[in-house]
Structure formats: structure tokens, C-alpha cells
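The structure appears below as C-alpha cells.
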Amino acid sequence: MTEPWWKSAVVYQIYPRSFADSDGDGMGDLRGIIDHLDHLAGLGVDVLWLSPVYPSPQDDNGYDISDYSGIDPVFGTLEIFDELLAGVHARGMKLIMDLVVNHSSDEHPWFVESRSSTDNPKRDWYWWRPARPGMEPGAPGAEPTNWGSSFGGPAWRYDETTDEYYLHLFSTKQPDLNWENPEVREAIYAMMRWWLDRGVDGFRMDVINFISKDPALPDGELPMGAAYGNGATAFLNGPRIHEFLHEMYEQVFAGREALLNVGEMPGVTVEQAILYTDPAREELDMVFQFDHVWVDRGPDPWILQPLKLTNLKAIFGRWQAGLAQVGWNSLYWNNHDQPRAVSRYGDDRDYRVESAKMLGTVLHLHRGTPYIYQGEELGMTNAPFAGIADFRDIEALGLYAQAVEQEGRSPEDVLTVLRARGRDNSRTPMQWDSSPHAGFTSGTPWLAVNPNHVEINAAAALADPDSVYYYYRKLIDLRHTEPAVVDGDFTMLLPHDEQLYAYTRRLGDTELLVIGNFSGEAAKADIDDAAAWTSAELVLTNTAAPPDDLTLGPWQAVVYRRKLSR
Ligand code: GLC
């Protein structure tokens, strides 16, 4: 059997709203992406993933869709979309769409109908429930279950039209679709076929492991001091999830070539991921797991935990081993929901360029398909948010309100965490050049540009042969040309070391050694045959070659290659 093409591919995520604005309204658009396709082709990436560009009230920046078969006027038109797709294909790249079908917008005609009466034919397309028995509909605490929404507040909204509640695991404007209803599934599959027929190359599926819910919708466990119960056991990897995904495969993907379908899956386990991505089961190609981005999350969400490298390595090691035989994983540090990696895991002050390159090295040479988020190839950093008024993200605003107003937390404590972890960190506009608003827009950007764009920007990166951009290009080339990166066995080294992240990849007689120093202090890699490795081929490093005893400088990364005699 030939290997799927996406095993040697690298994906680049575009958050269109923040990528490039061609018409001066302060919001990125499709024409802006078209204008910058050479930046992406020049980097060498194989696939572009577009965050949602469909018509949307933009309550959650497009993750609330009111028409699945169109383009929001803010971003352009279907004609411009076709032009973009042709431009992507002409450069030998592919394009995958964001698919947000756990929920729609409350302004989607399906929901407008559903909420209109209890006997509307679309009533059952969403999750409607009466108030908790014995309680007055709309009264505090009368919600059908104790679940909280991911964005703060209860997961139920009372609707006066019919005196019932609808479920929304995210914002009140994102009602959850009822996948138990076969008509819902058919409508979604038809829409997906329509996009594939138009020429798109697959989907990134938003919170796709939430779509199957236990119809009993039981109350969740209520942690001490928490405002809401945790309903996850009733909807995370729910009872019919594998059935739904296999049905989707049969109805939408079967017989089509060369697609890439990746499921975003908060809380997915290794065991579940094997089931989701075993090719024989015909569900998805790969998943986004969350363990490594939750590594610094403690029991109290409003107390930052320091990053422990040994924990990070244990997580990646477990995923590498778990999917070694069957299944496939995605590799990512960043996306539009995560803070900037160089600020979170690196040093964005004294060693920004070095640590950005080190992080890229360590991530990309694992087994799996790497994802780059816009600006990561420039080493873009978190933003300096002064106060809550600087944030735009519905999650940041909702959780702030819940923590400060309902739970009585101190605003400063909450802000400290939002500054470090808030999603707006990754959503500040792409930094193209040093001009006002970073060349992102000629108008007023919807979210302020990071002031460091005068130094950190694409024009400066292209002019500097030592930039993060050119280093990422080398990493991408290495995946394209070195089969051991794609298929080699993975062995974690030095699992107890708190400074160094080290592993080998081996395929046939080729062995790669990858080491990254996650600290600003020099560190010696105490591995067997260190001296022998330093005389092997140094494929890549972000600073100078290390000495014979493999002592790595601050934030240094090295990649060696050798041939083993059998
Ligand atoms: C996913 C998206 C996130 C969005 C949420 C609800 O986690 O990545 O941006 O807010 O789903 O659609």
C-alpha cells in the first residue's frame, strides 16, 4: 500500500480575519490571502487550512456559522474563493476548510426555524429541554442540567418563544446541533460534498469529538467552589461518535482521492485516537490532541502552573508510542486558540529567534503531520494587553465575567492568566512589515497590532538569511526529503532531564538525533556515544556546532544524521 501523502506534508493555518486586509476595513479577507500566497509557497508548506470564512454573525469570529455554503461578505465572495483555490492549486498546495458542525449560529435558518415552535419540523435539529422538574422556566438554577459553557455561564439558554431551553456548549449564539437526528447528518454530509466538488481538499473538524451526546443529558460532577458541573462525560467521545464518523466517511469521503481530514478533539485519549485514525476503520486521517497544551493547567484555572519539561516529554512520548503502529497524529504548538509558543515555551525576550527555531525543530521532527500557525514562522510573540478592554475574544470576556463577577476572583489574577494564555495573543494581526499596522491593513485593525512589529515582521525575515522563516523552510525540506522523519521509529532519550528534549528517529540504516535545550543555560546531553554523534553529519542547528561532549548552548537545537552499519 502506498503511504498517504499527508505523512510527509506540512500544514499552515490561516486565521483569515487577522492575515491580510485588502480593502481597508480592518479585517483580513480572501483577497489578502491571494496577495500573500507566495509567502506561503516560498515557505514550502503543502496544505493551507482556513479558519471559517462562511457567513457568520462573528460572535466567535466565524465559528458560529449562519450559512454553510457561502462566504461572508467581510471576507469576499464565492468567486474570490474559487480564485484563491485556483491560486493555491497552481502553486502545488492544497486547501482544507474549517468544518464547524457541532453547532451552528443561532442565526442559521435551521435554528431560526427550530426555535419558532415545538412542532416545527426542525425542532429536533437542536437540543431543546424543559426547565428542571419543579422549577420555574427561566428562574436561576432552573436549567435542564448543571453544565457550564466553555465561554462562561450556563450551557443552556432559556427561550421565551416556547418556554424551553436550548443547549450551547459554547456561546449562546452557538446552539448545538442534534446529531441523533439523521436529517441533520444528511444535510451536513451534502454540504461537505458540495465543498469537495468545488475542489477543496479536506476539512479541519471543529470539536468533532463533541457531536455525539448521551441523550439522557445527565448532570455533571460539580467541583468544589465551581459555578457549574462538568458535562463532558456525556458528550466527550460520546456513545455514537465512531458510528457518525464512519458514516461521514462513507457518505462523503469514500472514493475521493488525496483528502486530508483532521479532527480537533479536546480531551481525546491515545486509545481513542487509535480508533479515530486507524485507516481500516475509515473515520479520520489524524487528530489534534490537547494533552501538551494542557500541560501547565493546574486544578485551579486561574493559577498559572510552571511548565515542567519532563511532563511535556512524558506526554509527547506517550502519544508517539501509542500511535507508533496504527493511526497518525498532528503536531502543533500554536493555533488560533493558543498563546504564542515562543512566549509560552521559549524565551521571547533574550532568545526569541533561537528559542523559536528550537521549538520548531523539536516539534517538526516527531512522527506526525506538523502544523504551523500564521506568524509562527516569524517568531511572533504574545501581545501586551493592558486591561480587559484590550481583549476581543468571547472566551476571554466570558470567563473574565464569570470569574470576577460570579466567583469573586481578583481581576488582576484573572488578567495575569489571560495575558499568558488568552486566545487573542495569537489573533493579533499578521506582521508583514514595519509600517503602521504592520502592513496588515490601511484602516484600523479589529484587534491592535503587536507594537513589536517594527522589529518582527515578514519583510525583515525575508531579508535575513538567519531568520526563523528560512529555518522553518529547512525543517519543511527535511520532512520532504528525509524518509526517517516521516516513517522512522521514535525513541525518547533523557526523559528525566528538565532542560533537554532529546530523541532519535530510525528508519533502516538511517538514524537522526534531535536535541533541543529548553533553557537559557548551557546543558550537556548525557547520552551514550555523544562523541560519536558529534562526528556525524550535522543536518541542522540554530547556532554553532556544539563541542564533543554535546553541551548545547542556551535554547540551542541540533539535528544529526548517521548511517548505521548492520
Ligand atoms: C474550537 C475552535 C475555537 C472555537 C470553538 C467553538 O475549539 O478552535 O476557536 O471557539 O471550537 O467553535
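Simple scheme: letters A, B, ... for chains in C-alpha cells order, numbers from 1 for residues in each chain, numbers from 1 for ligands in the order shown.
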
Practice problem: Enumerate the residues of range 172-232 of chain A with a DSSP assignment of strand (DSSP E), computed from the backbone, and present them as a PyMOL selection string. | Solution: chain A and resi 202-205

Write the selection just made, keeping C-alpha atoms, as a JSON list (two decimals), in the first residue's frame?
```json
[["chain", "number", "residue", "atom", "x", "y", "z"],
["A", 202, "GLY", "CA", -10.49, 18.15, 3.06],
["A", 203, "PHE", "CA", -11.58, 19.50, 6.43],
["A", 204, "ARG", "CA", -10.33, 20.51, 9.83],
["A", 205, "MET", "CA", -13.25, 19.48, 12.03]]
```

Quiz item: Taking only C-alpha atoms and all ligand atoms into account, which residues are within 8 Å of ligand 1, as number ranges by chain?
Solution: A: 60-61, 63-64, 100, 102-103, 170, 174, 206-207, 264, 266, 335-337, 395

Residue subset to file, keeping all heavy atoms, as a short mmCIF file (atom, residue, chain, number, x, y, z; two decimals), in the first residue's frame:
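Written file, out12.cif:
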```cif
data_model
loop_
_atom_site.label_atom_id
_atom_site.label_comp_id
_atom_site.auth_asym_id
_atom_site.auth_seq_id
_atom_site.Cartn_x
_atom_site.Cartn_y
_atom_site.Cartn_z
N ASP A 60 -18.18 34.36 17.58
CA ASP A 60 -16.93 33.66 17.94
C ASP A 60 -16.01 33.68 16.71
O ASP A 60 -15.45 32.66 16.32
CB ASP A 60 -17.27 32.22 18.39
CG ASP A 60 -16.05 31.45 18.90
OD1 ASP A 60 -15.04 32.08 19.23
OD2 ASP A 60 -16.14 30.20 18.93
N ASN A 61 -15.89 34.85 16.12
CA ASN A 61 -15.01 35.04 14.95
C ASN A 61 -15.21 33.99 13.87
O ASN A 61 -14.25 33.44 13.33
CB ASN A 61 -13.54 35.07 15.38
CG ASN A 61 -13.21 36.28 16.23
OD1 ASN A 61 -14.08 37.10 16.49
ND2 ASN A 61 -11.98 36.40 16.65
N TYR A 63 -16.70 31.00 14.05
CA TYR A 63 -17.01 29.62 14.49
C TYR A 63 -18.50 29.50 14.85
O TYR A 63 -18.91 28.57 15.52
CB TYR A 63 -16.08 29.19 15.64
CG TYR A 63 -14.70 28.82 15.10
CD1 TYR A 63 -13.71 29.78 14.93
CD2 TYR A 63 -14.42 27.52 14.68
CE1 TYR A 63 -12.46 29.45 14.39
CE2 TYR A 63 -13.18 27.18 14.15
CZ TYR A 63 -12.21 28.15 13.99
OH TYR A 63 -11.00 27.82 13.45
N ASP A 64 -19.25 30.47 14.42
CA ASP A 64 -20.71 30.48 14.55
C ASP A 64 -21.24 30.76 13.14
O ASP A 64 -21.26 31.90 12.69
CB ASP A 64 -21.15 31.58 15.54
CG ASP A 64 -20.49 32.95 15.28
OD1 ASP A 64 -19.27 33.01 15.01
OD2 ASP A 64 -21.23 33.96 15.33
N VAL A 100 -17.43 23.40 11.03
CA VAL A 100 -17.91 23.64 12.39
C VAL A 100 -19.34 23.13 12.47
O VAL A 100 -20.30 23.85 12.17
CB VAL A 100 -17.84 25.14 12.75
CG1 VAL A 100 -18.14 25.35 14.23
CG2 VAL A 100 -16.49 25.72 12.38
N ASN A 102 -20.51 20.90 15.18
CA ASN A 102 -21.06 20.56 16.50
C ASN A 102 -22.20 21.51 16.80
O ASN A 102 -23.16 21.16 17.48
CB ASN A 102 -19.99 20.67 17.59
CG ASN A 102 -20.59 20.51 18.96
OD1 ASN A 102 -21.06 19.44 19.32
ND2 ASN A 102 -20.64 21.60 19.74
N HIS A 103 -22.06 22.73 16.26
CA HIS A 103 -23.07 23.77 16.48
C HIS A 103 -23.15 24.65 15.25
O HIS A 103 -22.24 24.65 14.42
CB HIS A 103 -22.69 24.62 17.70
CG HIS A 103 -21.23 24.99 17.71
ND1 HIS A 103 -20.27 24.24 18.37
CD2 HIS A 103 -20.54 26.01 17.12
CE1 HIS A 103 -19.08 24.77 18.18
NE2 HIS A 103 -19.21 25.85 17.42
N PHE A 170 -20.85 26.19 23.72
CA PHE A 170 -20.02 27.39 23.58
C PHE A 170 -20.92 28.61 23.82
O PHE A 170 -21.67 28.61 24.78
CB PHE A 170 -19.28 27.36 22.23
CG PHE A 170 -18.30 26.20 22.20
CD1 PHE A 170 -18.67 24.95 21.71
CD2 PHE A 170 -17.02 26.35 22.73
CE1 PHE A 170 -17.78 23.88 21.74
CE2 PHE A 170 -16.14 25.29 22.76
CZ PHE A 170 -16.52 24.05 22.25
N GLN A 174 -24.26 29.90 19.70
CA GLN A 174 -23.75 28.68 19.06
C GLN A 174 -24.53 27.45 19.55
O GLN A 174 -23.97 26.59 20.23
CB GLN A 174 -22.25 28.52 19.36
CG GLN A 174 -21.38 29.59 18.69
CD GLN A 174 -19.95 29.59 19.21
OE1 GLN A 174 -19.73 29.80 20.40
NE2 GLN A 174 -18.99 29.38 18.33
N ASP A 206 -13.94 21.05 13.67
CA ASP A 206 -14.02 21.73 14.96
C ASP A 206 -14.69 20.85 16.02
O ASP A 206 -15.77 20.30 15.78
CB ASP A 206 -14.88 22.99 14.73
CG ASP A 206 -14.77 23.99 15.84
OD1 ASP A 206 -13.69 24.57 16.01
OD2 ASP A 206 -15.78 24.21 16.54
N VAL A 207 -14.07 20.76 17.19
CA VAL A 207 -14.58 19.96 18.33
C VAL A 207 -15.45 18.77 17.88
O VAL A 207 -16.54 18.54 18.40
CB VAL A 207 -15.32 20.82 19.38
CG1 VAL A 207 -14.33 21.69 20.13
CG2 VAL A 207 -16.42 21.70 18.80
N GLU A 264 -10.39 18.04 15.39
CA GLU A 264 -9.98 18.71 16.63
C GLU A 264 -10.69 18.02 17.79
O GLU A 264 -11.92 17.95 17.80
CB GLU A 264 -10.36 20.20 16.61
CG GLU A 264 -9.81 20.94 17.81
CD GLU A 264 -10.67 22.10 18.31
OE1 GLU A 264 -11.87 22.15 17.98
OE2 GLU A 264 -10.16 22.95 19.05
N PRO A 266 -10.56 18.02 21.83
CA PRO A 266 -10.16 18.28 23.21
C PRO A 266 -10.44 17.04 24.07
O PRO A 266 -11.51 16.44 23.93
CB PRO A 266 -11.07 19.44 23.64
CG PRO A 266 -11.56 20.06 22.36
CD PRO A 266 -11.58 18.96 21.35
N ASN A 335 -2.08 27.57 17.56
CA ASN A 335 -3.21 27.75 16.65
C ASN A 335 -3.94 29.00 17.14
O ASN A 335 -3.41 29.72 18.00
CB ASN A 335 -4.10 26.50 16.55
CG ASN A 335 -4.66 26.07 17.89
OD1 ASN A 335 -5.10 26.92 18.67
ND2 ASN A 335 -4.65 24.78 18.17
N HIS A 336 -5.13 29.23 16.62
CA HIS A 336 -5.84 30.46 16.96
C HIS A 336 -6.44 30.42 18.36
O HIS A 336 -7.06 31.40 18.79
CB HIS A 336 -6.95 30.70 15.93
CG HIS A 336 -7.98 29.61 15.97
ND1 HIS A 336 -7.70 28.31 15.60
CD2 HIS A 336 -9.26 29.61 16.38
CE1 HIS A 336 -8.79 27.57 15.79
NE2 HIS A 336 -9.76 28.34 16.25
N ASP A 337 -6.31 29.29 19.06
CA ASP A 337 -6.83 29.18 20.43
C ASP A 337 -5.73 29.16 21.48
O ASP A 337 -6.02 29.09 22.68
CB ASP A 337 -7.63 27.88 20.59
CG ASP A 337 -8.87 27.84 19.72
OD1 ASP A 337 -9.46 28.90 19.45
OD2 ASP A 337 -9.25 26.72 19.31
N GLU A 395 -14.33 34.20 24.57
CA GLU A 395 -13.94 33.32 25.67
C GLU A 395 -13.30 34.13 26.80
O GLU A 395 -13.67 33.98 27.97
CB GLU A 395 -12.97 32.25 25.20
CG GLU A 395 -12.51 31.34 26.33
CD GLU A 395 -11.44 30.33 25.90
OE1 GLU A 395 -10.29 30.72 25.63
OE2 GLU A 395 -11.78 29.14 25.81
#
```

Self-check item: Residue contacts of range 147-151 of chain A (6 Å, only C-alpha atoms) excluding same-chain residues fewer than 2 positions away, as JSON, numbers by chain
Solution: {"A": [145, 153, 154, 155, 169, 170, 228, 229, 230, 231, 395, 398, 399]}

Quiz prompt | Selection near Ser66 in chain A, 8 Å with only C-alpha atoms, sequence-local residues under 3 positions removed, as a ChimeraX atom specification | solution = /A:54-57,104-109

Exercise. Apply DSSP to the structure's backbone, then extract all residues of range 234-366 of chain A labelled helix (DSSP H, G or I) and return them as a PyMOL selection string.
Key: chain A and resi 234-235+241-253+270-277+279-281+291-293+309-322+341-344+352-364

Practice problem: Considering only C-alpha atoms, return as a VMD selection string whatever protein or nucleic-acid residues lie within 9 Å of Val287 in chain A, sequence-local ones (same chain, fewer than 5 positions apart) excluded. | Solution: chain A and resid 261 to 265 268 273 276 to 277 328 to 330

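Across the model, the gap from CA of Lys357 in chain A to CA of Asp526 in chain A is 22.3 Å.
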
Self-check item: CA of Arg318 in chain A to CA of Ile274 in chain A, distance in Å rounded to a single decimal
Solution: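 A separation of 12.5 Å between them.
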
Practice problem: Would you mind listing what lies within 9 Å of range 451-454 of chain A as a list in words, with only C-alpha atoms counted and same-chain residues fewer than 4 positions away left out? | Solution: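 Those residues are Met380, Thr381, Ala383, Pro384, Met430, Gln431, Trp432, Asp433, Ser434, Ser435, Pro436, His437 and Ala438 of chain A.
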
Exercise. Find the residues around Ala324 in chain A up to 9 Å (only C-alpha atoms counted), leave out those fewer than 3 positions away in its own chain, and share them as a ChimeraX atom specification.
Key: /A:319-321,327-328,367,489-490

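The nearest approach to Asp98 in chain A among the residues A:Glu243, A:Asp529, A:Asp201, A:Asp393, with only C-alpha atoms taken into account, belongs to A:Asp201.
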
Quiz item: Between CA of Pro554 in chain A and CA of Glu521 in chain A, what is the spacing in Å?
Solution: 5.0 Å

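For the choices A:Leu222, A:Pro137, A:Phe244, A:Ser410, the atom-to-atom distance to Asn181 in chain A is smallest for A:Phe244 when using only C-alpha atoms.
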
Quiz item: Between A:Gly375, A:Gly199, A:Gly508, A:Gly422, which one has atoms that come closest to Arg344 in chain A, using only C-alpha atoms?
Solution: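 Result for the nearest residue to Arg344 in chain A: A:Gly422.
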